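Raw coords05.txt, compact mmCIF, C-alpha atoms:
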# COMPACT_ATOMS: atom_id res chain seq x y z
CA MET Z 3 17.05 -0.71 -2.48
CA VAL Z 4 14.67 -3.49 -1.48
CA GLY Z 5 13.71 -3.99 -5.12
CA CYS Z 6 17.39 -4.37 -6.06
CA LEU Z 7 17.91 -6.86 -3.23
CA LEU Z 8 14.88 -8.90 -4.29
CA ALA Z 9 16.00 -8.87 -7.93
CA LYS Z 10 19.62 -9.85 -7.27
CA LYS Z 11 19.35 -12.33 -4.39
CA GLN Z 12 17.36 -15.53 -4.79
CA GLN Z 13 17.66 -16.29 -1.08
CA ILE Z 14 19.21 -14.75 2.00
CA ALA Z 15 20.13 -16.52 5.21
CA LEU Z 16 19.11 -14.93 8.49
CA SER Z 17 20.01 -16.44 11.82
CA PRO Z 18 17.29 -16.67 14.48
CA PHE Z 19 18.99 -13.83 16.36
CA GLN Z 20 18.93 -11.62 13.25
CA GLN Z 21 15.28 -12.44 12.66
CA VAL Z 22 14.24 -11.61 16.22
CA LEU Z 23 16.32 -8.44 16.26
CA GLY Z 24 14.91 -7.33 12.91
CA TRP Z 25 11.33 -7.95 13.98
CA ILE Z 26 11.81 -6.14 17.29
CA LEU Z 27 13.42 -3.12 15.62
CA SER Z 28 10.81 -3.09 12.87
CA MET Z 29 7.88 -3.21 15.27
CA ALA Z 30 9.50 -0.63 17.56
CA GLY Z 31 10.06 1.70 14.61
CA LEU Z 32 6.48 1.33 13.40
CA MET Z 33 5.10 1.95 16.89
CA LEU Z 34 7.35 4.98 17.43
CA VAL Z 35 6.23 6.52 14.15
CA LEU Z 36 2.56 5.81 14.82
CA TYR Z 37 2.46 6.80 18.49
CA GLY Z 38 5.43 9.16 18.72
CA THR Z 39 3.15 12.18 18.44
CA TYR Z 40 0.55 10.99 20.96
CA ASP Z 41 1.44 13.60 23.57
CA TRP Z 42 1.62 16.36 20.96
CA ASN Z 43 -1.85 15.54 19.74
CA ARG Z 44 -3.17 15.79 23.29
CA GLY Z 45 -1.86 19.36 23.52
CA GLN Z 46 1.28 18.81 25.58
CA GLU Z 47 4.25 21.05 24.88
CA THR Z 48 7.13 19.29 23.09
CA SER Z 49 10.73 20.38 22.76
CA ARG Z 50 11.87 21.77 19.45
CA ALA Z 51 14.62 19.13 19.24
CA ALA Z 52 12.07 16.30 19.52
CA VAL Z 53 9.88 17.84 16.83
CA VAL Z 54 12.83 18.33 14.48
CA PHE Z 55 14.13 14.80 15.14
CA TYR Z 56 10.71 13.26 14.47
CA ALA Z 57 10.19 15.33 11.33
CA ALA Z 58 13.63 14.37 10.01
CA THR Z 59 13.41 10.63 10.71
CA HIS Z 60 9.83 9.35 10.77
CA ARG Z 61 9.51 8.70 7.03
CA THR Z 62 12.83 6.88 6.84
CA VAL Z 63 12.06 4.78 9.92
CA TRP Z 64 8.67 3.84 8.49
CA ALA Z 65 10.19 2.92 5.10
CA VAL Z 66 12.93 0.78 6.67
CA ALA Z 67 10.41 -1.02 8.89
CA ILE Z 68 8.13 -1.79 5.94
CA ALA Z 69 11.18 -2.86 3.93
CA TRP Z 70 12.01 -5.37 6.67
CA LEU Z 71 8.48 -6.77 6.53
CA THR Z 72 8.71 -7.06 2.75
CA VAL Z 73 12.10 -8.76 2.74
CA THR Z 74 11.20 -11.23 5.46
CA CYS Z 75 7.94 -12.18 3.77
CA VAL Z 76 9.54 -12.64 0.34
CA TYR Z 77 12.41 -14.74 1.66
CA GLY Z 78 10.24 -16.98 3.82
CA TYR Z 79 10.82 -15.50 7.26
CA GLY Z 80 7.40 -13.82 7.48
CA GLY Z 81 5.54 -16.56 9.32
CA LEU Z 82 1.91 -15.73 10.07
CA LEU Z 83 2.20 -12.27 8.51
CA ASN Z 84 3.25 -13.80 5.20
CA THR Z 85 0.44 -16.37 5.40
CA PHE Z 86 -2.09 -13.62 6.08
CA LEU Z 87 -0.80 -11.27 3.37
CA SER Z 88 -0.71 -14.13 0.84
CA LEU Z 89 -4.45 -14.81 1.03
CA LYS Z 90 -6.16 -14.78 -2.38
CA ILE Z 91 -8.67 -12.13 -1.29
CA PHE Z 92 -5.87 -9.58 -1.25
CA VAL Z 93 -5.26 -10.09 -4.98
CA VAL Z 94 -8.80 -8.87 -5.71
CA LEU Z 95 -8.58 -6.08 -3.14
CA ASP Z 96 -5.23 -5.04 -4.57
CA ARG Z 97 -6.63 -4.64 -8.06
CA VAL Z 98 -9.76 -2.82 -6.95
CA THR Z 99 -7.81 -0.51 -4.62
CA TYR Z 100 -5.34 0.35 -7.38
CA ALA Z 101 -8.23 1.10 -9.74
CA ALA Z 102 -9.78 3.31 -7.04
CA TYR Z 103 -6.45 5.12 -6.72
CA LEU Z 104 -6.42 5.73 -10.46
CA ILE Z 105 -10.00 6.92 -10.88
CA HIS Z 106 -10.73 8.81 -7.65
CA PRO Z 107 -9.22 12.13 -8.84
CA LEU Z 108 -11.73 12.16 -11.69
CA PHE Z 109 -14.67 11.81 -9.32
CA GLN Z 110 -13.28 14.41 -6.94
CA GLN Z 111 -12.65 16.84 -9.79
CA VAL Z 112 -16.20 16.44 -11.09
CA TYR Z 113 -17.64 16.89 -7.59
CA HIS Z 114 -15.63 20.00 -6.74
CA SER Z 115 -16.09 21.61 -10.14
CA ARG Z 116 -19.88 21.35 -9.78
CA LEU Z 117 -20.02 22.97 -6.31
CA ARG Z 118 -21.74 26.32 -6.34
CA VAL Z 119 -21.28 27.19 -2.66
CA HIS Z 120 -18.37 27.21 -0.26
CA LEU Z 121 -18.29 24.21 2.09
CA SER Z 122 -17.32 24.72 5.69
CA GLY Z 123 -14.25 22.83 6.82
CA ASP Z 124 -15.69 21.01 9.80
CA GLN Z 125 -15.41 17.30 10.58
CA TYR Z 126 -18.99 16.48 9.62
CA VAL Z 127 -18.56 17.80 6.08
CA GLY Z 128 -15.24 15.98 5.75
CA ILE Z 129 -16.63 12.64 6.90
CA TYR Z 130 -19.73 13.04 4.76
CA GLY Z 131 -17.62 13.86 1.71
CA TYR Z 132 -15.22 10.98 2.38
CA LEU Z 133 -18.00 8.41 2.77
CA GLY Z 134 -19.80 9.71 -0.30
CA ASN Z 135 -16.61 9.54 -2.32
CA LEU Z 136 -15.92 6.04 -1.01
CA MET Z 137 -19.39 4.81 -1.98
CA VAL Z 138 -19.03 6.10 -5.53
CA VAL Z 139 -15.37 5.33 -6.21
CA TYR Z 140 -15.12 1.71 -5.00
CA PRO Z 141 -18.08 0.32 -6.95
CA SER Z 142 -16.76 2.20 -9.99
CA ALA Z 143 -13.29 0.78 -9.36
CA PHE Z 144 -14.76 -2.73 -9.14
CA LEU Z 145 -16.49 -2.24 -12.50
CA PHE Z 146 -13.30 -0.80 -13.98
CA THR Z 147 -11.37 -3.85 -12.78
CA LEU Z 148 -14.03 -6.24 -14.02
CA PHE Z 149 -14.48 -4.75 -17.49
CA PHE Z 150 -11.03 -3.31 -18.29
CA GLU Z 151 -8.18 -4.54 -16.14
CA SER Z 152 -9.09 -8.23 -15.90
CA PRO Z 153 -9.63 -8.74 -19.66
CA PHE Z 154 -6.36 -6.95 -20.45
CA LEU Z 155 -4.49 -9.02 -17.85
CA SER Z 156 -5.88 -12.20 -19.42
CA LEU Z 157 -4.88 -11.01 -22.88
CA GLU Z 158 -1.41 -10.07 -21.65
CA LYS Z 159 -0.98 -13.46 -19.99
CA LEU Z 160 -2.07 -15.23 -23.17
CA LEU Z 161 0.29 -13.23 -25.37
CA LEU Z 162 3.24 -13.47 -23.00
CA THR Z 163 2.75 -17.23 -22.58
CA ARG Z 164 2.88 -17.74 -26.34
CA PHE Z 165 5.88 -15.43 -26.67
CA THR Z 166 7.86 -17.04 -23.87
CA GLU Z 167 7.11 -20.57 -25.11
CA ARG Z 168 8.23 -19.64 -28.63
CA LYS Z 169 11.43 -17.96 -27.43
CA GLY Z 170 12.20 -20.68 -24.89
CA ILE Z 171 12.15 -18.24 -21.96
CA GLN Z 172 11.56 -19.80 -18.58
CA ARG Z 173 8.56 -18.38 -16.73
CA PHE Z 174 8.84 -17.40 -13.09
CA THR Z 175 5.73 -17.98 -11.00
Representation of the structure as structure tokens:
Amino acid sequence: MVGCLLAKKQQIALSPFQQVLGWILSMAGLMLVLYGTYDWNRGQETSRAAVVFYAATHRTVWAVAIAWLTVTCVYGYGGLLNTFLSLKIFVVLDRVTYAAYLIHPLFQQVYHSRLRVHLSGDQYVGIYGYLGNLMVVYPSAFLFTLFFESPFLSLEKLLLTRFTERKGIQRFT
């Protein structure tokens, strides 16, 4: 729904009251989803109704709160958050992280298919495996981005620029 809103509306007008209310509700929703299970994780008994309510609503609340952040940043109401998220370093991190997302199953499959013994499921083994995976996947993702994604993006930009200039299509930046 946010994608449709962003595609159809060039600008939206939000009053200061709407902005403040939206930010308060968004932050409250994010905090409730993040810390709503704090007592449960400490071993305290929780009512069945609270568990069912959280399970039924936490994903929707999180999505709506992130949608608010997205809409406000795109339409110029993001303030410092928009300035921070618009830093150029995030473009590089975005590409490398997406490449890591694409290639990490390959590394995990190779690792697990070569295991000859059963690993215990304790925290040490999990952290060790996570850090090992991280140290192999991210440098590989950086190389993947450097040697595959970036050249293809440059080629795509070159071809699309020529096509749009020839067809008289206005480019959006």
Which residues of range 77-175 of chain Z come within 12 Å of range 59-72 of chain Z, and what is each one's closest atom pair and distance in Å (one decimal), counting only C-alpha atoms, sorted by chain and residue number, as a tab-separated table?
residue	atom	partner	partner_atom	distance
Z:Tyr77	CA	Z:Thr72	CA	8.6
Z:Gly78	CA	Z:Thr72	CA	10.1
Z:Tyr79	CA	Z:Leu71	CA	9.1
Z:Gly80	CA	Z:Leu71	CA	7.2
Z:Gly81	CA	Z:Leu71	CA	10.6
Z:Leu82	CA	Z:Leu71	CA	11.7
Z:Leu83	CA	Z:Leu71	CA	8.6
Z:Asn84	CA	Z:Leu71	CA	8.9
Z:Leu87	CA	Z:Thr72	CA	10.4
Z:Ser88	CA	Z:Thr72	CA	11.9
Do a neighbour search on Phe144 in chain Z at 10 Å with all atoms listed in the file, toss out local chain neighbours closer than 2 positions, and write the hits as a short mmCIF file (atom, residue, chain, number, x, y, z; two decimals) with C-alpha atoms, in the coordinates of the input.
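selection_7.cif written:
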data_model
loop_
_atom_site.label_atom_id
_atom_site.label_comp_id
_atom_site.auth_asym_id
_atom_site.auth_seq_id
_atom_site.Cartn_x
_atom_site.Cartn_y
_atom_site.Cartn_z
CA VAL Z 94 -8.80 -8.87 -5.71
CA LEU Z 95 -8.58 -6.08 -3.14
CA ARG Z 97 -6.63 -4.64 -8.06
CA VAL Z 98 -9.76 -2.82 -6.95
CA THR Z 99 -7.81 -0.51 -4.62
CA ALA Z 101 -8.23 1.10 -9.74
CA ALA Z 102 -9.78 3.31 -7.04
CA VAL Z 139 -15.37 5.33 -6.21
CA TYR Z 140 -15.12 1.71 -5.00
CA PRO Z 141 -18.08 0.32 -6.95
CA SER Z 142 -16.76 2.20 -9.99
CA PHE Z 146 -13.30 -0.80 -13.98
CA THR Z 147 -11.37 -3.85 -12.78
CA LEU Z 148 -14.03 -6.24 -14.02
CA PHE Z 149 -14.48 -4.75 -17.49
CA PHE Z 150 -11.03 -3.31 -18.29
CA GLU Z 151 -8.18 -4.54 -16.14
#
One decimal, Å: what's the distance from CA of Leu23 in chain Z over to CA of Phe55 in chain Z, could you say? 23.4 Å
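Across the model, the gap from CA of Asp124 in chain Z to CA of Asn43 in chain Z is 17.9 Å.
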What is the distance, in Å and to one decimal place, between CA of Leu117 in chain Z and CA of Tyr103 in chain Z? 22.4 Å
Where atoms are absent from range 52-63 of chain Z, fill them in so it carries all heavy atoms, then output it as a PDB file, in the coordinates of the input.
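The resulting selection-v5.pdb:
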ATOM      1  N   ALA Z  52      12.870  17.502  19.754  1.00  0.00           N
ATOM      2  CA  ALA Z  52      12.070  16.300  19.520  1.00  0.00           C
ATOM      3  C   ALA Z  52      11.240  16.430  18.252  1.00  0.00           C
ATOM      4  O   ALA Z  52      11.131  15.474  17.469  1.00  0.00           O
ATOM      5  CB  ALA Z  52      11.171  16.018  20.714  1.00  0.00           C
ATOM      6  N   VAL Z  53      10.689  17.609  18.035  1.00  0.00           N
ATOM      7  CA  VAL Z  53       9.880  17.840  16.830  1.00  0.00           C
ATOM      8  C   VAL Z  53      10.754  17.748  15.579  1.00  0.00           C
ATOM      9  O   VAL Z  53      10.383  17.101  14.593  1.00  0.00           O
ATOM     10  CB  VAL Z  53       9.180  19.214  16.911  1.00  0.00           C
ATOM     11  CG1 VAL Z  53       8.522  19.561  15.595  1.00  0.00           C
ATOM     12  CG2 VAL Z  53       8.180  19.228  18.043  1.00  0.00           C
ATOM     13  N   VAL Z  54      11.917  18.357  15.628  1.00  0.00           N
ATOM     14  CA  VAL Z  54      12.830  18.330  14.480  1.00  0.00           C
ATOM     15  C   VAL Z  54      13.321  16.904  14.224  1.00  0.00           C
ATOM     16  O   VAL Z  54      13.364  16.441  13.075  1.00  0.00           O
ATOM     17  CB  VAL Z  54      14.014  19.297  14.692  1.00  0.00           C
ATOM     18  CG1 VAL Z  54      15.105  19.096  13.650  1.00  0.00           C
ATOM     19  CG2 VAL Z  54      13.525  20.732  14.678  1.00  0.00           C
ATOM     20  N   PHE Z  55      13.663  16.178  15.288  1.00  0.00           N
ATOM     21  CA  PHE Z  55      14.130  14.800  15.140  1.00  0.00           C
ATOM     22  C   PHE Z  55      13.043  13.918  14.528  1.00  0.00           C
ATOM     23  O   PHE Z  55      13.304  13.141  13.611  1.00  0.00           O
ATOM     24  CB  PHE Z  55      14.567  14.242  16.494  1.00  0.00           C
ATOM     25  CG  PHE Z  55      15.085  12.840  16.416  1.00  0.00           C
ATOM     26  CD1 PHE Z  55      16.349  12.586  15.908  1.00  0.00           C
ATOM     27  CD2 PHE Z  55      14.301  11.783  16.836  1.00  0.00           C
ATOM     28  CE1 PHE Z  55      16.831  11.290  15.815  1.00  0.00           C
ATOM     29  CE2 PHE Z  55      14.767  10.481  16.749  1.00  0.00           C
ATOM     30  CZ  PHE Z  55      16.034  10.233  16.241  1.00  0.00           C
ATOM     31  N   TYR Z  56      11.820  14.058  15.017  1.00  0.00           N
ATOM     32  CA  TYR Z  56      10.710  13.260  14.470  1.00  0.00           C
ATOM     33  C   TYR Z  56      10.474  13.612  13.003  1.00  0.00           C
ATOM     34  O   TYR Z  56      10.317  12.723  12.168  1.00  0.00           O
ATOM     35  CB  TYR Z  56       9.435  13.489  15.286  1.00  0.00           C
ATOM     36  CG  TYR Z  56       8.282  12.650  14.804  1.00  0.00           C
ATOM     37  CD1 TYR Z  56       8.135  11.347  15.235  1.00  0.00           C
ATOM     38  CD2 TYR Z  56       7.350  13.164  13.904  1.00  0.00           C
ATOM     39  CE1 TYR Z  56       7.083  10.563  14.788  1.00  0.00           C
ATOM     40  CE2 TYR Z  56       6.305  12.388  13.446  1.00  0.00           C
ATOM     41  CZ  TYR Z  56       6.177  11.090  13.886  1.00  0.00           C
ATOM     42  OH  TYR Z  56       5.143  10.319  13.429  1.00  0.00           O
ATOM     43  N   ALA Z  57      10.445  14.895  12.703  1.00  0.00           N
ATOM     44  CA  ALA Z  57      10.190  15.330  11.330  1.00  0.00           C
ATOM     45  C   ALA Z  57      11.282  14.849  10.374  1.00  0.00           C
ATOM     46  O   ALA Z  57      11.015  14.521   9.223  1.00  0.00           O
ATOM     47  CB  ALA Z  57      10.086  16.854  11.271  1.00  0.00           C
ATOM     48  N   ALA Z  58      12.515  14.769  10.865  1.00  0.00           N
ATOM     49  CA  ALA Z  58      13.630  14.370  10.010  1.00  0.00           C
ATOM     50  C   ALA Z  58      13.715  12.856   9.821  1.00  0.00           C
ATOM     51  O   ALA Z  58      14.269  12.402   8.823  1.00  0.00           O
ATOM     52  CB  ALA Z  58      14.943  14.887  10.588  1.00  0.00           C
ATOM     53  N   THR Z  59      13.172  12.075  10.749  1.00  0.00           N
ATOM     54  CA  THR Z  59      13.410  10.630  10.710  1.00  0.00           C
ATOM     55  C   THR Z  59      12.175   9.760  10.516  1.00  0.00           C
ATOM     56  O   THR Z  59      12.323   8.596  10.153  1.00  0.00           O
ATOM     57  CB  THR Z  59      14.097  10.174  12.003  1.00  0.00           C
ATOM     58  OG1 THR Z  59      13.258  10.481  13.115  1.00  0.00           O
ATOM     59  CG2 THR Z  59      15.456  10.824  12.161  1.00  0.00           C
ATOM     60  N   HIS Z  60      10.979  10.261  10.741  1.00  0.00           N
ATOM     61  CA  HIS Z  60       9.830   9.350  10.770  1.00  0.00           C
ATOM     62  C   HIS Z  60       9.557   8.663   9.434  1.00  0.00           C
ATOM     63  O   HIS Z  60       9.196   7.497   9.409  1.00  0.00           O
ATOM     64  CB  HIS Z  60       8.580  10.054  11.309  1.00  0.00           C
ATOM     65  CG  HIS Z  60       7.905  10.974  10.373  1.00  0.00           C
ATOM     66  ND1 HIS Z  60       8.337  12.258  10.139  1.00  0.00           N
ATOM     67  CD2 HIS Z  60       6.809  10.794   9.607  1.00  0.00           C
ATOM     68  CE1 HIS Z  60       7.528  12.833   9.269  1.00  0.00           C
ATOM     69  NE2 HIS Z  60       6.603  11.963   8.934  1.00  0.00           N
ATOM     70  N   ARG Z  61       9.747   9.339   8.330  1.00  0.00           N
ATOM     71  CA  ARG Z  61       9.510   8.700   7.030  1.00  0.00           C
ATOM     72  C   ARG Z  61      10.541   7.612   6.742  1.00  0.00           C
ATOM     73  O   ARG Z  61      10.207   6.547   6.218  1.00  0.00           O
ATOM     74  CB  ARG Z  61       9.506   9.750   5.923  1.00  0.00           C
ATOM     75  CG  ARG Z  61       8.288  10.627   5.935  1.00  0.00           C
ATOM     76  CD  ARG Z  61       8.313  11.640   4.794  1.00  0.00           C
ATOM     77  NE  ARG Z  61       7.143  12.475   4.816  1.00  0.00           N
ATOM     78  CZ  ARG Z  61       7.037  13.610   5.494  1.00  0.00           C
ATOM     79  NH1 ARG Z  61       8.049  14.036   6.225  1.00  0.00           N
ATOM     80  NH2 ARG Z  61       5.928  14.316   5.452  1.00  0.00           N
ATOM     81  N   THR Z  62      11.776   7.877   7.065  1.00  0.00           N
ATOM     82  CA  THR Z  62      12.830   6.880   6.840  1.00  0.00           C
ATOM     83  C   THR Z  62      12.636   5.670   7.736  1.00  0.00           C
ATOM     84  O   THR Z  62      12.771   4.520   7.282  1.00  0.00           O
ATOM     85  CB  THR Z  62      14.213   7.508   7.091  1.00  0.00           C
ATOM     86  OG1 THR Z  62      14.352   8.668   6.261  1.00  0.00           O
ATOM     87  CG2 THR Z  62      15.319   6.521   6.795  1.00  0.00           C
ATOM     88  N   VAL Z  63      12.300   5.891   8.997  1.00  0.00           N
ATOM     89  CA  VAL Z  63      12.060   4.780   9.920  1.00  0.00           C
ATOM     90  C   VAL Z  63      10.894   3.934   9.427  1.00  0.00           C
ATOM     91  O   VAL Z  63      10.955   2.698   9.424  1.00  0.00           O
ATOM     92  CB  VAL Z  63      11.823   5.303  11.356  1.00  0.00           C
ATOM     93  CG1 VAL Z  63      11.332   4.200  12.278  1.00  0.00           C
ATOM     94  CG2 VAL Z  63      13.086   5.934  11.910  1.00  0.00           C
TER      95      VAL Z  63
END
